[in-house]
Amino acid sequence: MSLKIAFVGVGNMASAIIGGLRASGYAGESIVGSSINVEDHKNLEQRFGIRMYEDNQDAVAQADVVFLCVKPNMLQSVVEGFADAVRDDQLYVSVAAGIEINALEKWLVKPVAVVRSMPNTPALVGSGMSGLIANSRTTDEQKAWVADAFDSFGSHVWVDNEAHMHTVTALSGSAPAYFFRVLEVMIEAGMAQGLDEATSRKLSTYAMKGAAAMVTTLDDDIAQLRRNITSPNGTTQAALETLEQQGIEALVTAAVDACAKRSKELGEEFASK
Ligand SMILES: NC(=O)C1=CN([C@@H]2O[C@H](COP(=O)(O)OP(=O)(O)OC[C@H]3O[C@@H](n4cnc5c(N)ncnc54)[C@H](OP(=O)(O)O)[C@@H]3O)[C@@H](O)[C@H]2O)C=CC1
Ligand SMILES: O=C(O)[C@@H]1CCC=N1
């Protein structure tokens, strides 16, 4: 089924999704976007072959599926601003961190199908991962469309408990940033030992890419994959012992917990409004 898709807010996350959809064959003519920053419109239209509108209502009015891609603190006023264009045959897909389905239903007023999603920016290169949960008005056909759309730029998991979306955010939505940070530190450490930046970046990045590819393609026990690299009293053991001594487990767990906690707070902040 060829549906018209509107993106309300076309920043980092929407661009990653649109890039992923376009690369996997979704036609530019079936995608429109809207954002207040008109200076970006020409660039977005050229980059993705889509049509951009200044008024959210103009994009929403012609869509079968509307992706809500503004910051969580903007979402209520943005949705209320285009409320006149909402139709009950539309499907709304929110990517906003923390915002609960019942808040979205209240703001959209009309009884519409709503999917709350938590994608991540690797969507831009076809390696996205998204958590999804749908409201009771979402039909099986709409769920299948959403799953296909999200798979076009990576993969997805459905969760059956909305509280799990906080964990999805902590392990997936925000997580590429943790790995970017680790890479930044590794590249710096390589440079401190005398490598030039390009060489340090290539070595560190391919190590991360290769490790992730082994886990996703071999589906082996991760601890065993780690042990396979770790010779007794060898170089890897020296590095891993340092990571443990410096508290990697507590550090990573605290980061994941802080992320989920912030997602929960955002939900609570906007639930009552
Ligand atoms: N970035 C990420 O990795 C992820 C983000 N998300 C979620 O995606 C959403 C967007 O985040 P992100 O893409 O990073 O943020 P960005 O700031 O990059 O994108 C938001 C876009 O919305 C535009 N905008 C602001 N106000 C309006 C308005 N009134 N009408 C239409 N457009 C408007 C902004 O324009 P301007 O720049 O001019 O203000 C900007 O282009 C958030 O809810 C976030 O929680 C989810 C998963 C991952
Ligand atoms: O930091 C944020 O709030 C968004 C949501 C997940 C990734 N980025």
# chains A, B, ... in the order shown; residues from 1 in each chain; ligands from 1
>>> closest_atom_pairs(of="chain A", to="ligand 2", cutoff="6 Å", atoms="only C-alpha atoms and all ligand atoms", output="CSV")
residue,atom,partner,partner_atom_place_in_ligand_line,distance
A:Ala97,CA,ligand 2,5 (C),4.9
A:Thr169,CA,ligand 2,6 (C),5.8
A:Gly173,CA,ligand 2,6 (C),4.3
A:Ser174,CA,ligand 2,7 (C),4.0
>>> write_last_selection(atoms="N, CA and C atoms", output="PDB file, in the first residue's frame")
ATOM      1  N   ALA A  97      10.980  11.167  22.906  1.00  0.00           N
ATOM      2  CA  ALA A  97      11.402  10.456  24.121  1.00  0.00           C
ATOM      3  C   ALA A  97      10.443  10.768  25.264  1.00  0.00           C
ATOM      4  N   THR A 169      14.888   3.238  25.173  1.00  0.00           N
ATOM      5  CA  THR A 169      15.629   4.492  24.967  1.00  0.00           C
ATOM      6  C   THR A 169      17.051   4.362  25.504  1.00  0.00           C
ATOM      7  N   GLY A 173      17.825   4.012  21.703  1.00  0.00           N
ATOM      8  CA  GLY A 173      17.642   5.382  21.202  1.00  0.00           C
ATOM      9  C   GLY A 173      18.847   6.270  21.482  1.00  0.00           C
ATOM     10  N   SER A 174      19.271   6.295  22.743  1.00  0.00           N
ATOM     11  CA  SER A 174      20.395   7.147  23.145  1.00  0.00           C
ATOM     12  C   SER A 174      21.742   6.452  22.980  1.00  0.00           C
TER      13      SER A 174
END
>>> closest_atom_pairs(of="chain A", to="ligand 1", cutoff="9 Å", atoms="only C-alpha atoms and all ligand atoms", output="JSON lines")
{"residue": "A:Phe7", "atom": "CA", "partner": "ligand 1", "partner_atom_place_in_ligand_line": "31 (C)", "distance": 8.7}
{"residue": "A:Val8", "atom": "CA", "partner": "ligand 1", "partner_atom_place_in_ligand_line": "31 (C)", "distance": 5.3}
{"residue": "A:Gly9", "atom": "CA", "partner": "ligand 1", "partner_atom_place_in_ligand_line": "32 (N)", "distance": 3.5}
{"residue": "A:Val10", "atom": "CA", "partner": "ligand 1", "partner_atom_place_in_ligand_line": "41 (O)", "distance": 4.5}
{"residue": "A:Gly11", "atom": "CA", "partner": "ligand 1", "partner_atom_place_in_ligand_line": "19 (O)", "distance": 3.2}
{"residue": "A:Asn12", "atom": "CA", "partner": "ligand 1", "partner_atom_place_in_ligand_line": "13 (O)", "distance": 3.7}
{"residue": "A:Met13", "atom": "CA", "partner": "ligand 1", "partner_atom_place_in_ligand_line": "13 (O)", "distance": 3.7}
{"residue": "A:Ala14", "atom": "CA", "partner": "ligand 1", "partner_atom_place_in_ligand_line": "13 (O)", "distance": 5.7}
{"residue": "A:Ser15", "atom": "CA", "partner": "ligand 1", "partner_atom_place_in_ligand_line": "13 (O)", "distance": 7.4}
{"residue": "A:Ala16", "atom": "CA", "partner": "ligand 1", "partner_atom_place_in_ligand_line": "13 (O)", "distance": 8.4}
{"residue": "A:Gly33", "atom": "CA", "partner": "ligand 1", "partner_atom_place_in_ligand_line": "31 (C)", "distance": 8.7}
{"residue": "A:Ser34", "atom": "CA", "partner": "ligand 1", "partner_atom_place_in_ligand_line": "31 (C)", "distance": 5.6}
{"residue": "A:Ser35", "atom": "CA", "partner": "ligand 1", "partner_atom_place_in_ligand_line": "32 (N)", "distance": 3.6}
{"residue": "A:Ile36", "atom": "CA", "partner": "ligand 1", "partner_atom_place_in_ligand_line": "31 (C)", "distance": 5.0}
{"residue": "A:Asn37", "atom": "CA", "partner": "ligand 1", "partner_atom_place_in_ligand_line": "38 (O)", "distance": 4.1}
{"residue": "A:Val38", "atom": "CA", "partner": "ligand 1", "partner_atom_place_in_ligand_line": "38 (O)", "distance": 7.9}
{"residue": "A:Glu39", "atom": "CA", "partner": "ligand 1", "partner_atom_place_in_ligand_line": "38 (O)", "distance": 8.7}
{"residue": "A:Asp40", "atom": "CA", "partner": "ligand 1", "partner_atom_place_in_ligand_line": "38 (O)", "distance": 8.2}
{"residue": "A:Glu54", "atom": "CA", "partner": "ligand 1", "partner_atom_place_in_ligand_line": "31 (C)", "distance": 7.8}
{"residue": "A:Asp55", "atom": "CA", "partner": "ligand 1", "partner_atom_place_in_ligand_line": "30 (N)", "distance": 7.5}
{"residue": "A:Asn56", "atom": "CA", "partner": "ligand 1", "partner_atom_place_in_ligand_line": "30 (N)", "distance": 6.1}
{"residue": "A:Leu68", "atom": "CA", "partner": "ligand 1", "partner_atom_place_in_ligand_line": "9 (C)", "distance": 7.5}
{"residue": "A:Cys69", "atom": "CA", "partner": "ligand 1", "partner_atom_place_in_ligand_line": "9 (C)", "distance": 4.4}
{"residue": "A:Val70", "atom": "CA", "partner": "ligand 1", "partner_atom_place_in_ligand_line": "22 (O)", "distance": 4.1}
{"residue": "A:Lys71", "atom": "CA", "partner": "ligand 1", "partner_atom_place_in_ligand_line": "43 (O)", "distance": 3.7}
{"residue": "A:Pro72", "atom": "CA", "partner": "ligand 1", "partner_atom_place_in_ligand_line": "43 (O)", "distance": 4.4}
{"residue": "A:Asn73", "atom": "CA", "partner": "ligand 1", "partner_atom_place_in_ligand_line": "43 (O)", "distance": 7.9}
{"residue": "A:Met74", "atom": "CA", "partner": "ligand 1", "partner_atom_place_in_ligand_line": "26 (N)", "distance": 6.4}
{"residue": "A:Leu75", "atom": "CA", "partner": "ligand 1", "partner_atom_place_in_ligand_line": "43 (O)", "distance": 7.6}
{"residue": "A:Ser77", "atom": "CA", "partner": "ligand 1", "partner_atom_place_in_ligand_line": "29 (N)", "distance": 7.4}
{"residue": "A:Val78", "atom": "CA", "partner": "ligand 1", "partner_atom_place_in_ligand_line": "29 (N)", "distance": 5.1}
{"residue": "A:Val79", "atom": "CA", "partner": "ligand 1", "partner_atom_place_in_ligand_line": "29 (N)", "distance": 8.8}
{"residue": "A:Gly81", "atom": "CA", "partner": "ligand 1", "partner_atom_place_in_ligand_line": "29 (N)", "distance": 8.2}
{"residue": "A:Ser94", "atom": "CA", "partner": "ligand 1", "partner_atom_place_in_ligand_line": "43 (O)", "distance": 7.7}
{"residue": "A:Val95", "atom": "CA", "partner": "ligand 1", "partner_atom_place_in_ligand_line": "7 (C)", "distance": 4.9}
{"residue": "A:Ala96", "atom": "CA", "partner": "ligand 1", "partner_atom_place_in_ligand_line": "43 (O)", "distance": 3.1}
{"residue": "A:Ala97", "atom": "CA", "partner": "ligand 1", "partner_atom_place_in_ligand_line": "45 (O)", "distance": 3.8}
{"residue": "A:Gly98", "atom": "CA", "partner": "ligand 1", "partner_atom_place_in_ligand_line": "45 (O)", "distance": 7.3}
{"residue": "A:Ile99", "atom": "CA", "partner": "ligand 1", "partner_atom_place_in_ligand_line": "43 (O)", "distance": 8.3}
{"residue": "A:Ser117", "atom": "CA", "partner": "ligand 1", "partner_atom_place_in_ligand_line": "46 (C)", "distance": 7.9}
{"residue": "A:Met118", "atom": "CA", "partner": "ligand 1", "partner_atom_place_in_ligand_line": "47 (C)", "distance": 5.1}
{"residue": "A:Pro119", "atom": "CA", "partner": "ligand 1", "partner_atom_place_in_ligand_line": "47 (C)", "distance": 4.8}
{"residue": "A:Asn120", "atom": "CA", "partner": "ligand 1", "partner_atom_place_in_ligand_line": "48 (C)", "distance": 4.3}
{"residue": "A:Thr121", "atom": "CA", "partner": "ligand 1", "partner_atom_place_in_ligand_line": "3 (O)", "distance": 4.9}
{"residue": "A:Pro122", "atom": "CA", "partner": "ligand 1", "partner_atom_place_in_ligand_line": "3 (O)", "distance": 8.4}
{"residue": "A:Ser130", "atom": "CA", "partner": "ligand 1", "partner_atom_place_in_ligand_line": "47 (C)", "distance": 8.5}
{"residue": "A:Thr169", "atom": "CA", "partner": "ligand 1", "partner_atom_place_in_ligand_line": "47 (C)", "distance": 7.3}
{"residue": "A:Ser172", "atom": "CA", "partner": "ligand 1", "partner_atom_place_in_ligand_line": "48 (C)", "distance": 8.4}
{"residue": "A:Gly173", "atom": "CA", "partner": "ligand 1", "partner_atom_place_in_ligand_line": "48 (C)", "distance": 4.7}
{"residue": "A:Ser174", "atom": "CA", "partner": "ligand 1", "partner_atom_place_in_ligand_line": "3 (O)", "distance": 6.0}
{"residue": "A:Ala175", "atom": "CA", "partner": "ligand 1", "partner_atom_place_in_ligand_line": "3 (O)", "distance": 8.6}
{"residue": "A:Pro176", "atom": "CA", "partner": "ligand 1", "partner_atom_place_in_ligand_line": "3 (O)", "distance": 7.8}
{"residue": "A:Ala177", "atom": "CA", "partner": "ligand 1", "partner_atom_place_in_ligand_line": "3 (O)", "distance": 7.9}
{"residue": "A:Ser263", "atom": "CA", "partner": "ligand 1", "partner_atom_place_in_ligand_line": "45 (O)", "distance": 8.9}
>>> write_last_selection(atoms="C-alpha atoms", output="PDB file, in the first residue's frame")
ATOM      1  CA  PHE A   7       7.118  14.480   9.014  1.00  0.00           C
ATOM      2  CA  VAL A   8       6.330  17.233  11.487  1.00  0.00           C
ATOM      3  CA  GLY A   9       9.744  18.557  12.503  1.00  0.00           C
ATOM      4  CA  VAL A  10      12.628  17.601  10.218  1.00  0.00           C
ATOM      5  CA  GLY A  11      15.755  17.658  12.374  1.00  0.00           C
ATOM      6  CA  ASN A  12      18.290  14.957  13.185  1.00  0.00           C
ATOM      7  CA  MET A  13      15.957  12.031  13.847  1.00  0.00           C
ATOM      8  CA  ALA A  14      13.466  12.759  11.048  1.00  0.00           C
ATOM      9  CA  SER A  15      16.349  13.234   8.587  1.00  0.00           C
ATOM     10  CA  ALA A  16      17.784   9.857   9.590  1.00  0.00           C
ATOM     11  CA  GLY A  33       7.771  17.514   5.796  1.00  0.00           C
ATOM     12  CA  SER A  34       7.139  20.648   7.779  1.00  0.00           C
ATOM     13  CA  SER A  35       9.342  22.707  10.020  1.00  0.00           C
ATOM     14  CA  ILE A  36       9.515  26.271  11.181  1.00  0.00           C
ATOM     15  CA  ASN A  37      13.060  26.721   9.966  1.00  0.00           C
ATOM     16  CA  VAL A  38      12.371  27.697   6.340  1.00  0.00           C
ATOM     17  CA  GLU A  39      16.055  28.351   5.624  1.00  0.00           C
ATOM     18  CA  ASP A  40      16.573  24.569   5.754  1.00  0.00           C
ATOM     19  CA  GLU A  54       6.216  25.969   6.628  1.00  0.00           C
ATOM     20  CA  ASP A  55       2.793  25.267   8.161  1.00  0.00           C
ATOM     21  CA  ASN A  56       2.508  21.879   9.912  1.00  0.00           C
ATOM     22  CA  LEU A  68       5.881  13.492  15.048  1.00  0.00           C
ATOM     23  CA  CYS A  69       9.575  14.440  15.194  1.00  0.00           C
ATOM     24  CA  VAL A  70       9.843  17.600  17.299  1.00  0.00           C
ATOM     25  CA  LYS A  71      11.448  17.819  20.738  1.00  0.00           C
ATOM     26  CA  PRO A  72       9.314  16.409  23.579  1.00  0.00           C
ATOM     27  CA  ASN A  73       8.796  19.837  25.168  1.00  0.00           C
ATOM     28  CA  MET A  74       7.392  21.210  21.870  1.00  0.00           C
ATOM     29  CA  LEU A  75       5.100  18.321  21.070  1.00  0.00           C
ATOM     30  CA  SER A  77       1.846  22.898  21.331  1.00  0.00           C
ATOM     31  CA  VAL A  78       2.821  21.556  17.893  1.00  0.00           C
ATOM     32  CA  VAL A  79       0.048  18.917  17.915  1.00  0.00           C
ATOM     33  CA  GLY A  81      -1.454  23.791  16.461  1.00  0.00           C
ATOM     34  CA  SER A  94       5.696   9.646  17.596  1.00  0.00           C
ATOM     35  CA  VAL A  95       9.449   9.424  18.048  1.00  0.00           C
ATOM     36  CA  ALA A  96       9.484  11.718  21.104  1.00  0.00           C
ATOM     37  CA  ALA A  97      11.402  10.456  24.121  1.00  0.00           C
ATOM     38  CA  GLY A  98       9.248   9.893  27.174  1.00  0.00           C
ATOM     39  CA  ILE A  99       5.903  11.091  25.818  1.00  0.00           C
ATOM     40  CA  SER A 117       8.397   4.613  18.699  1.00  0.00           C
ATOM     41  CA  MET A 118      11.970   5.007  19.860  1.00  0.00           C
ATOM     42  CA  PRO A 119      14.287   4.835  16.849  1.00  0.00           C
ATOM     43  CA  ASN A 120      17.954   5.805  16.681  1.00  0.00           C
ATOM     44  CA  THR A 121      20.070   7.773  14.238  1.00  0.00           C
ATOM     45  CA  PRO A 122      21.889   4.769  12.662  1.00  0.00           C
ATOM     46  CA  SER A 130      13.536   0.906  17.011  1.00  0.00           C
ATOM     47  CA  THR A 169      15.629   4.492  24.967  1.00  0.00           C
ATOM     48  CA  SER A 172      18.945   1.839  21.802  1.00  0.00           C
ATOM     49  CA  GLY A 173      17.642   5.382  21.202  1.00  0.00           C
ATOM     50  CA  SER A 174      20.395   7.147  23.145  1.00  0.00           C
ATOM     51  CA  ALA A 175      22.964   4.355  23.028  1.00  0.00           C
ATOM     52  CA  PRO A 176      24.758   5.258  19.767  1.00  0.00           C
ATOM     53  CA  ALA A 177      25.928   8.380  21.621  1.00  0.00           C
ATOM     54  CA  SER A 263      12.820   9.269  29.914  1.00  0.00           C
TER      55      SER A 263
END
>>> select_by_dssp(residues="stretch 30-206 of chain A", states="strand (DSSP E)", output="PyMOL selection string")
chain A and resi 31-34+51-53+65-68+91-94+113-118+128-134+154-158
>>> closest_residue(among="A:Ala134, A:Ala207, A:Ala23, A:Leu104", to="A:Phe179", atoms="only C-alpha atoms")
A:Ala207
>>> select_by_dssp(residues="stretch 47-218 of chain A", states="alpha helix (DSSP H)", output="VMD selection string")
chain A and resid 47 to 48 56 to 61 72 to 81 101 to 108 140 to 151 164 to 168 175 to 192 197 to 218
>>> closest_residue(among="A:Asn233, A:Gln76, A:Asn161, A:Ser152", to="A:Ser24", atoms="only C-alpha atoms")
A:Ser152
>>> residues_around(residues="A:Ala63", least_positions_apart="4", cutoff="7 Å", atoms="only C-alpha atoms", output="list in words")
Lys4, Ile5, Ala6 and Ala59 of chain A
>>> atom_distance(atom1="atom CA of A:Leu183", atom2="atom CA of A:Met214")
18.0 Å
>>> residues_around(residues="A:Ala123", least_positions_apart="2", cutoff="8 Å", atoms="only C-alpha atoms", output="MDAnalysis selection string")
chainID A and resid 16:17 19:20 119:121 125:129 153:154
>>> atom_distance(atom1="atom CA of A:Glu162", atom2="atom CA of A:Cys259")
15.8 Å
>>> atom_distance(atom1="atom CA of A:Ile31", atom2="atom CA of A:Ile18")
8.2 Å
>>> residues_around(residues="A:Ala113", least_positions_apart="6", cutoff="7 Å", atoms="only C-alpha atoms", output="PyMOL selection string")
chain A and resi 90-92+135+137-138
>>> closest_residue(among="A:Val66, A:Met186, A:Met52, A:Val215", to="A:Leu203", atoms="only C-alpha atoms")
A:Met186
